[in-house]
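Read the structure below first, then the notes.
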Amino acid sequence: GESVGLHLPTLSVQEGDNSIINCAYSNSASDYFIWYKQESGKGPQFIIDIRSNMDKRQGQRVTVLLNKTVKHLSLQIAATQPGDSAVYFCAETGWGTGGFKTIFGAGTRLFVKA
Amino acid sequence: DGGITQSPKYLFRKEGQNVTLSCEQNLNHDAMYWYRQDPGQGLRLIYYSQIVNDFQKGDIAEGYSVSREKKESFPLTVTSAQKNPTAFYLCASRRSNTGELFFGEGSRLTVL
């Protein structure tokens, strides 16, 4: 398939290790923050979200942390597997002029070494 | 299966031609979105629609047009005015009570 994000920041981890992907956002009025995973040649898929009134949320093998003081979001993946290799995007969402919009960050490519 | 269907998956266009990308959803979502993705960059918002017969420009709307005549459909036309149209185009719809977007598989447009 086609590759996207050829020049994205890259994180390389060993299979079984934990991964931490970071993201800075810009709009302090955003309602939701969401992490998406994009595999080569496909559309992004939802991983986990967190509301602006929370600072931590856990899913299956994933945890999202939100630090509103410094406008920082992180995604932690436990026991990283080869199938986790993909590009990961953070996104901030909320109502603004013209309606509800989602703005994406630049993305991080995760390589998992077997 | 419920989801977003984009077509065509690959499209080639000569300079000066308009081309329309199809996006259909059967999720009964009100809001739909078009994004453009270039290598090394994230997704940039082209147009979005909160409801039928209404749509708004996103951050990079110049050279593009849309329509929203039906809830299920949100086609994007890439016009000859778009200076650099070669890109991967993604359509999405949004679940109403959250910000979660559901994406199609994308359409890759190449201008020859």
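Ligands are numbered from 1 in the order shown, residues from 1 within each chain, and chains are lettered A, B, ... in the order they appear in the structure tokens.
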
Within 7 Å of chain A: residues of chain B, using only C-alpha atoms, as a ChimeraX atom specification:
/B:39-43,50,56,90,99-100,103-106

Looking only at strand (DSSP E or B) from DSSP on the backbone, list the matching residues of chain A as number ranges by chain.
A: 10-14, 19-24, 32-38, 45-51, 56-58, 62-67, 72-77, 86-96, 99-104, 108-113

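If only C-alpha atoms are the atoms counted, then among B:Ser67, B:Asn18, B:Thr5, B:Ser93 the closest residue to Met32 of chain B is B:Ser93.
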
Which residues, written as a PDB file with N, CA, C and O atoms, in the first residue's frame, have at least one atom at most 8 Å from Asp84 of chain A, with only C-alpha atoms counted and residues fewer than 4 positions away on the same chain left out?
```pdb
ATOM      1  N   THR A  80       4.205  -3.170  23.571  1.00  0.00           N
ATOM      2  CA  THR A  80       4.035  -2.859  22.146  1.00  0.00           C
ATOM      3  C   THR A  80       4.261  -4.100  21.282  1.00  0.00           C
ATOM      4  O   THR A  80       5.203  -4.863  21.489  1.00  0.00           O
ATOM      5  N   LEU A 110       5.417   5.068  14.405  1.00  0.00           N
ATOM      6  CA  LEU A 110       5.915   4.090  15.376  1.00  0.00           C
ATOM      7  C   LEU A 110       6.390   2.839  14.643  1.00  0.00           C
ATOM      8  O   LEU A 110       5.633   2.222  13.892  1.00  0.00           O
ATOM      9  N   PHE A 111       7.664   2.493  14.854  1.00  0.00           N
ATOM     10  CA  PHE A 111       8.226   1.236  14.347  1.00  0.00           C
ATOM     11  C   PHE A 111       8.409   0.290  15.520  1.00  0.00           C
ATOM     12  O   PHE A 111       9.023   0.658  16.522  1.00  0.00           O
ATOM     13  N   VAL A 112       7.932  -0.919  15.382  1.00  0.00           N
ATOM     14  CA  VAL A 112       8.116  -1.927  16.422  1.00  0.00           C
ATOM     15  C   VAL A 112       9.041  -3.009  15.890  1.00  0.00           C
ATOM     16  O   VAL A 112       8.731  -3.672  14.889  1.00  0.00           O
TER      17      VAL A 112
END
```

Just the residues within 7 Å of segment 13-25 of chain A, please, counting only C-alpha atoms, with nothing from its chain fewer than 4 positions along; format it as number ranges by chain.
A: 71-82, 90, 111-114
